[in-house]
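A.B. asks: Below: one structure in structure tokens.
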Amino acid sequence: MDRNLTGARKRLFAKRGKKCEKCGYVGYLELNHIIQVSDGGTNDDDNLEILCEDCHAKKHGKKKKKYVDPAKSGIPTIRMN
Ligand SMILES: [Zn+2]
């Protein structure tokens, strides 16, 4: 479902700027569906927002991977920036 977003990405970056729409972060960015595709959302511009990884994760109620304490999880983590 999320496969054809390359065009949308370019379009949105050109239109709204290449930064997170929530916090203004410039760097690795993702597109978020405001209405999830599984809930009938589309890939139209008005259903998409540019988010950084952190804001995107917050949207979906996920904890940032960065906050996982490797000592507690027992899994060695590699941080990629
Ligand atoms: Zn952000």
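Chain labels run A, B, ... following the order of the structure tokens; each chain numbers its residues from 1, and ligands are numbered from 1 in the order shown.
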Find the spatial neighbours of Arg9 (chain A), counting only C-alpha atoms, within a cut-off of 12 Å - ignore same-chain residues fewer than 3 positions away - and output them as a list of chain:residue names.
C.D. replies: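 In the requested form, the answer reads A:Asp2, A:Arg3, A:Asn4, A:Leu5, A:Thr6, A:Leu12, A:Phe13, A:Ala14, A:Lys15, A:Arg16, A:Gly17, A:Lys18, A:Lys19, A:Leu29, A:Glu30, A:Leu31, A:Asn32, A:His33, A:Asn43, A:Asp44, A:Asp45, A:Leu48, A:Glu49, A:Ile50, A:Leu51.
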A.B. asks: Which chains and residue numbers are within 7 Å of ligand 1, counting only C-alpha atoms and all ligand atoms, if I want them as a list in words?
C.D. replies: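 Selection of residues at most 7 Å from ligand 1: Cys20, Glu21, Lys22, Cys23, Gly24, Tyr25, Leu51, Cys52, Glu53, Asp54 and Cys55 of chain A.
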A.B. asks: With only C-alpha atoms as the atoms that count, which of A:Gly61, A:His56, A:Asn47, A:Asp39 lies nearest to Ala8 (chain A)?
C.D. replies: A:Asn47
A.B. asks: Please give the complete set of residues from region 5-34 of chain A that DSSP, run on the backbone, assigns to alpha helix (DSSP H), formatted as a ChimeraX atom specification.
C.D. replies: /A:6-16
